[in-house]
Amino acid sequence: MKVDISGTCSDDFAAVKDAFAANFTQNGDVGASVAIVKDGELVVDLWGGFQDRAGTQPWKPDTIINVFSTTKTMSCLSLLVLVSRGLVDVDAPVATYWPEFAANGKGNVLV
């Protein structure tokens with residue numbers, strides 16, 4: 001199915017736009033959006049498809065979605081950045097950074 005894609009995309013990120021479009025034509029995506037910020041600049045801001053399988057409600061730039069488990073990846077990535085900067089020790093108890101976590105016998109749980 002051909003899906004209209006709206007938004008903006010820097011020429012340097014044309015491959016992202018192509019991959020985004022392929023999610024509809026090749027992978028059966030119904031509706032989606034993607035945004036990429038590089039060095040503080042919004043370089044990709046795309047949306048397309050529909051909010052429903054019937055195709056009656058178009059995807060909009062402000063369509064709200066569930067992100068489910070994607071926050072786990074972002075949390076882990078954020079933690080690893082802190083580790084790489086020497087701000088968090090993965091071998092330290094969690095309570096070193098979050099004292100309340102030690103309640104109920106969890107004082108020896110490591111980051």
# chains A, B, ... in the order shown; residues from 1 in each chain; ligands from 1
$ residues_around --residues "region 50-56 of chain A" --least-positions-apart "2" --cutoff "9 Å" --atoms "only C-alpha atoms" --output "PDB file with N, CA, C and O atoms, in the first residue's frame"
ATOM      1  N   VAL A   3       1.700   4.863   1.018  1.00  0.00           N
ATOM      2  CA  VAL A   3       1.347   5.692   2.169  1.00  0.00           C
ATOM      3  C   VAL A   3       1.961   7.069   1.979  1.00  0.00           C
ATOM      4  O   VAL A   3       3.129   7.187   1.603  1.00  0.00           O
ATOM      5  N   VAL A  30       1.275   0.155   9.721  1.00  0.00           N
ATOM      6  CA  VAL A  30       0.016   0.868   9.485  1.00  0.00           C
ATOM      7  C   VAL A  30       0.219   2.369   9.629  1.00  0.00           C
ATOM      8  O   VAL A  30      -0.251   3.149   8.801  1.00  0.00           O
ATOM      9  N   GLY A  31       0.919   2.774  10.669  1.00  0.00           N
ATOM     10  CA  GLY A  31       1.191   4.186  10.911  1.00  0.00           C
ATOM     11  C   GLY A  31       2.388   4.320  11.817  1.00  0.00           C
ATOM     12  O   GLY A  31       2.655   3.453  12.641  1.00  0.00           O
ATOM     13  N   ALA A  32       3.128   5.404  11.637  1.00  0.00           N
ATOM     14  CA  ALA A  32       4.331   5.586  12.446  1.00  0.00           C
ATOM     15  C   ALA A  32       4.841   7.011  12.329  1.00  0.00           C
ATOM     16  O   ALA A  32       4.403   7.774  11.455  1.00  0.00           O
ATOM     17  N   GLY A  48       3.517   9.187   8.929  1.00  0.00           N
ATOM     18  CA  GLY A  48       2.729   8.711   7.799  1.00  0.00           C
ATOM     19  C   GLY A  48       1.837   7.554   8.182  1.00  0.00           C
ATOM     20  O   GLY A  48       1.954   6.986   9.265  1.00  0.00           O
ATOM     21  N   PRO A  58      -5.970   9.389   9.788  1.00  0.00           N
ATOM     22  CA  PRO A  58      -4.576   9.583   9.390  1.00  0.00           C
ATOM     23  C   PRO A  58      -3.649   9.819  10.580  1.00  0.00           C
ATOM     24  O   PRO A  58      -4.056  10.382  11.595  1.00  0.00           O
ATOM     25  N   TRP A  59      -2.425   9.344  10.439  1.00  0.00           N
ATOM     26  CA  TRP A  59      -1.390   9.619  11.428  1.00  0.00           C
ATOM     27  C   TRP A  59      -1.057  11.095  11.338  1.00  0.00           C
ATOM     28  O   TRP A  59      -0.888  11.635  10.262  1.00  0.00           O
ATOM     29  N   LYS A  60      -0.974  11.753  12.482  1.00  0.00           N
ATOM     30  CA  LYS A  60      -0.697  13.189  12.521  1.00  0.00           C
ATOM     31  C   LYS A  60       0.640  13.431  13.214  1.00  0.00           C
ATOM     32  O   LYS A  60       1.165  12.541  13.882  1.00  0.00           O
ATOM     33  N   THR A  63       0.259  12.548  16.926  1.00  0.00           N
ATOM     34  CA  THR A  63      -0.404  11.307  17.317  1.00  0.00           C
ATOM     35  C   THR A  63       0.339  10.702  18.515  1.00  0.00           C
ATOM     36  O   THR A  63       1.563  10.571  18.497  1.00  0.00           O
TER      37      THR A  63
END
$ select_by_dssp --residues "chain A" --states "strand (DSSP E)" --output "PyMOL selection string"
chain A and resi 5-9+31-38+41-49
$ residues_around --residues "Leu79 (chain A)" --least-positions-apart "6" --cutoff "10 Å" --atoms "only C-alpha atoms" --output "PDB file with N, CA, C and O atoms, in the first residue's frame"
ATOM      1  N   THR A  73      15.682   0.358  26.653  1.00  0.00           N
ATOM      2  CA  THR A  73      16.901   0.598  25.871  1.00  0.00           C
ATOM      3  C   THR A  73      17.457   1.976  26.166  1.00  0.00           C
ATOM      4  O   THR A  73      18.671   2.140  26.354  1.00  0.00           O
ATOM      5  N   ARG A  85      31.475   8.035  31.593  1.00  0.00           N
ATOM      6  CA  ARG A  85      31.979   9.314  32.118  1.00  0.00           C
ATOM      7  C   ARG A  85      32.481   9.197  33.552  1.00  0.00           C
ATOM      8  O   ARG A  85      32.874  10.191  34.160  1.00  0.00           O
ATOM      9  N   LEU A  87      30.743   8.468  36.187  1.00  0.00           N
ATOM     10  CA  LEU A  87      29.782   8.983  37.157  1.00  0.00           C
ATOM     11  C   LEU A  87      28.990   7.892  37.868  1.00  0.00           C
ATOM     12  O   LEU A  87      28.351   8.157  38.885  1.00  0.00           O
ATOM     13  N   VAL A  88      29.018   6.680  37.328  1.00  0.00           N
ATOM     14  CA  VAL A  88      28.318   5.543  37.933  1.00  0.00           C
ATOM     15  C   VAL A  88      29.243   4.334  37.863  1.00  0.00           C
ATOM     16  O   VAL A  88      29.888   4.095  36.843  1.00  0.00           O
ATOM     17  N   ASP A  89      29.291   3.581  38.959  1.00  0.00           N
ATOM     18  CA  ASP A  89      30.071   2.349  39.028  1.00  0.00           C
ATOM     19  C   ASP A  89      29.083   1.185  39.017  1.00  0.00           C
ATOM     20  O   ASP A  89      28.269   1.057  39.937  1.00  0.00           O
ATOM     21  N   VAL A  90      29.140   0.339  37.996  1.00  0.00           N
ATOM     22  CA  VAL A  90      28.182  -0.767  37.899  1.00  0.00           C
ATOM     23  C   VAL A  90      28.382  -1.805  38.995  1.00  0.00           C
ATOM     24  O   VAL A  90      27.493  -2.627  39.234  1.00  0.00           O
ATOM     25  N   VAL A 111      24.346  -2.150  40.951  1.00  0.00           N
ATOM     26  CA  VAL A 111      23.880  -1.479  39.748  1.00  0.00           C
ATOM     27  C   VAL A 111      23.919  -2.450  38.596  1.00  0.00           C
ATOM     28  O   VAL A 111      23.003  -2.614  37.837  1.00  0.00           O
TER      29      VAL A 111
END
$ atom_distance --atom1 "CA of Ser75 (chain A)" --atom2 "CA of Asn108 (chain A)"
21.3 Å
$ closest_residue --among "A:Gly49, A:Tyr97, A:Thr25, A:Ala92" --to "Val109 (chain A)" --atoms "only C-alpha atoms"
A:Ala92
$ residues_around --residues "Lys17 (chain A)" --least-positions-apart "5" --cutoff "9 Å" --atoms "only C-alpha atoms" --output "ChimeraX atom specification"
/A:5,9,22,44,46
$ atom_distance --atom1 "CA of Val43 (chain A)" --atom2 "CA of Ser6 (chain A)"
13.8 Å
$ select_by_dssp --residues "chain A" --states "alpha helix (DSSP H)" --output "PyMOL selection string"
chain A and resi 14-25+70-84
$ write_last_selection --atoms "C-alpha atoms" --output "mmCIF file, in the first residue's frame"
data_model
loop_
_atom_site.group_PDB
_atom_site.id
_atom_site.type_symbol
_atom_site.label_atom_id
_atom_site.label_comp_id
_atom_site.auth_asym_id
_atom_site.auth_seq_id
_atom_site.Cartn_x
_atom_site.Cartn_y
_atom_site.Cartn_z
ATOM 1 C CA ALA A 14 17.439 10.575 2.938
ATOM 2 C CA ALA A 15 18.176 6.913 3.708
ATOM 3 C CA VAL A 16 16.129 7.256 6.907
ATOM 4 C CA LYS A 17 13.175 8.524 4.894
ATOM 5 C CA ASP A 18 13.555 5.622 2.453
ATOM 6 C CA ALA A 19 13.687 3.096 5.306
ATOM 7 C CA PHE A 20 10.689 4.750 6.936
ATOM 8 C CA ALA A 21 8.690 4.440 3.692
ATOM 9 C CA ALA A 22 9.770 0.797 3.333
ATOM 10 C CA ASN A 23 8.202 0.005 6.703
ATOM 11 C CA PHE A 24 4.838 0.643 5.084
ATOM 12 C CA THR A 25 5.391 -0.878 1.654
ATOM 13 C CA THR A 70 11.709 1.140 24.183
ATOM 14 C CA THR A 71 12.311 3.030 27.411
ATOM 15 C CA LYS A 72 14.397 0.090 28.684
ATOM 16 C CA THR A 73 16.901 0.598 25.871
ATOM 17 C CA MET A 74 17.070 4.342 26.448
ATOM 18 C CA SER A 75 17.493 3.873 30.206
ATOM 19 C CA CYS A 76 20.332 1.412 29.652
ATOM 20 C CA LEU A 77 21.998 3.673 27.095
ATOM 21 C CA SER A 78 21.767 6.610 29.512
ATOM 22 C CA LEU A 79 23.285 4.506 32.283
ATOM 23 C CA LEU A 80 26.150 3.412 30.019
ATOM 24 C CA VAL A 81 26.904 7.038 29.142
ATOM 25 C CA LEU A 82 27.125 7.800 32.867
ATOM 26 C CA VAL A 83 29.418 4.785 33.338
ATOM 27 C CA SER A 84 31.661 5.903 30.464
#
$ closest_residue --among "A:Gln57, A:Ser69, A:Thr8, A:Thr96" --to "Ser33 (chain A)" --atoms "only C-alpha atoms"
A:Thr8
$ decode --residues "chain A" --atoms "C-alpha atoms" --output "tab-separated table (two decimals), in the first residue's frame"
chain	number	residue	atom	x	y	z
A	1	MET	CA	0.00	0.00	0.00
A	2	LYS	CA	1.30	3.46	-0.91
A	3	VAL	CA	1.35	5.69	2.17
A	4	ASP	CA	1.71	9.45	2.21
A	5	ILE	CA	4.68	10.53	4.27
A	6	SER	CA	4.67	14.03	5.72
A	7	GLY	CA	7.23	16.11	7.55
A	8	THR	CA	10.81	17.11	6.90
A	9	CYS	CA	14.05	15.28	6.35
A	10	SER	CA	17.55	16.66	5.83
A	11	ASP	CA	19.16	15.51	2.59
A	12	ASP	CA	21.91	13.86	4.66
A	13	PHE	CA	19.25	11.56	6.14
A	14	ALA	CA	17.44	10.57	2.94
A	15	ALA	CA	18.18	6.91	3.71
A	16	VAL	CA	16.13	7.26	6.91
A	17	LYS	CA	13.18	8.52	4.89
A	18	ASP	CA	13.55	5.62	2.45
A	19	ALA	CA	13.69	3.10	5.31
A	20	PHE	CA	10.69	4.75	6.94
A	21	ALA	CA	8.69	4.44	3.69
A	22	ALA	CA	9.77	0.80	3.33
A	23	ASN	CA	8.20	0.01	6.70
A	24	PHE	CA	4.84	0.64	5.08
A	25	THR	CA	5.39	-0.88	1.65
A	26	GLN	CA	7.50	-3.89	2.68
A	27	ASN	CA	6.84	-4.53	6.35
A	28	GLY	CA	3.14	-3.79	6.65
A	29	ASP	CA	3.37	-0.90	9.11
A	30	VAL	CA	0.02	0.87	9.48
A	31	GLY	CA	1.19	4.19	10.91
A	32	ALA	CA	4.33	5.59	12.45
A	33	SER	CA	6.49	8.60	13.13
A	34	VAL	CA	10.20	9.18	13.59
A	35	ALA	CA	12.25	12.14	14.76
A	36	ILE	CA	16.03	12.45	14.92
A	37	VAL	CA	17.95	15.28	16.55
A	38	LYS	CA	21.65	15.59	15.71
A	39	ASP	CA	23.83	18.12	17.49
A	40	GLY	CA	20.72	19.94	18.71
A	41	GLU	CA	19.16	20.20	15.24
A	42	LEU	CA	16.00	18.37	14.21
A	43	VAL	CA	17.18	16.60	11.06
A	44	VAL	CA	14.31	14.13	10.62
A	45	ASP	CA	10.65	14.67	11.54
A	46	LEU	CA	8.45	12.28	9.57
A	47	TRP	CA	5.03	10.71	9.99
A	48	GLY	CA	2.73	8.71	7.80
A	49	GLY	CA	0.04	6.10	7.52
A	50	PHE	CA	-2.97	5.72	9.76
A	51	GLN	CA	-3.85	5.41	13.42
A	52	ASP	CA	-6.20	2.51	12.67
A	53	ARG	CA	-6.04	-0.56	10.43
A	54	ALA	CA	-9.19	0.54	8.62
A	55	GLY	CA	-7.32	3.58	7.35
A	56	THR	CA	-9.92	6.07	8.52
A	57	GLN	CA	-7.77	8.16	10.88
A	58	PRO	CA	-4.58	9.58	9.39
A	59	TRP	CA	-1.39	9.62	11.43
A	60	LYS	CA	-0.70	13.19	12.52
A	61	PRO	CA	2.47	14.89	13.75
A	62	ASP	CA	1.08	14.82	17.30
A	63	THR	CA	-0.40	11.31	17.32
A	64	ILE	CA	0.16	9.79	20.77
A	65	ILE	CA	1.41	6.21	20.95
A	66	ASN	CA	2.58	3.68	23.53
A	67	VAL	CA	6.32	3.18	23.50
A	68	PHE	CA	6.22	-0.08	25.48
A	69	SER	CA	9.73	-1.42	26.14
A	70	THR	CA	11.71	1.14	24.18
A	71	THR	CA	12.31	3.03	27.41
A	72	LYS	CA	14.40	0.09	28.68
A	73	THR	CA	16.90	0.60	25.87
A	74	MET	CA	17.07	4.34	26.45
A	75	SER	CA	17.49	3.87	30.21
A	76	CYS	CA	20.33	1.41	29.65
A	77	LEU	CA	22.00	3.67	27.10
A	78	SER	CA	21.77	6.61	29.51
A	79	LEU	CA	23.29	4.51	32.28
A	80	LEU	CA	26.15	3.41	30.02
A	81	VAL	CA	26.90	7.04	29.14
A	82	LEU	CA	27.13	7.80	32.87
A	83	VAL	CA	29.42	4.79	33.34
A	84	SER	CA	31.66	5.90	30.46
A	85	ARG	CA	31.98	9.31	32.12
A	86	GLY	CA	32.95	7.76	35.44
A	87	LEU	CA	29.78	8.98	37.16
A	88	VAL	CA	28.32	5.54	37.93
A	89	ASP	CA	30.07	2.35	39.03
A	90	VAL	CA	28.18	-0.77	37.90
A	91	ASP	CA	29.79	-2.73	40.75
A	92	ALA	CA	28.45	-0.34	43.41
A	93	PRO	CA	25.21	-0.98	45.32
A	94	VAL	CA	22.17	0.73	43.80
A	95	ALA	CA	21.66	2.37	47.21
A	96	THR	CA	24.86	4.38	46.62
A	97	TYR	CA	22.88	6.44	44.12
A	98	TRP	CA	19.35	5.81	45.42
A	99	PRO	CA	19.46	5.30	49.21
A	100	GLU	CA	15.76	4.42	49.51
A	101	PHE	CA	16.33	1.39	47.26
A	102	ALA	CA	18.06	-0.38	50.15
A	103	ALA	CA	14.72	-0.81	51.97
A	104	ASN	CA	13.37	-4.32	52.50
A	105	GLY	CA	16.74	-6.05	52.32
A	106	LYS	CA	17.86	-4.77	48.91
A	107	GLY	CA	20.99	-3.02	50.21
A	108	ASN	CA	23.39	-5.44	48.48
A	109	VAL	CA	21.85	-5.25	45.01
A	110	LEU	CA	24.44	-3.93	42.59
A	111	VAL	CA	23.88	-1.48	39.75
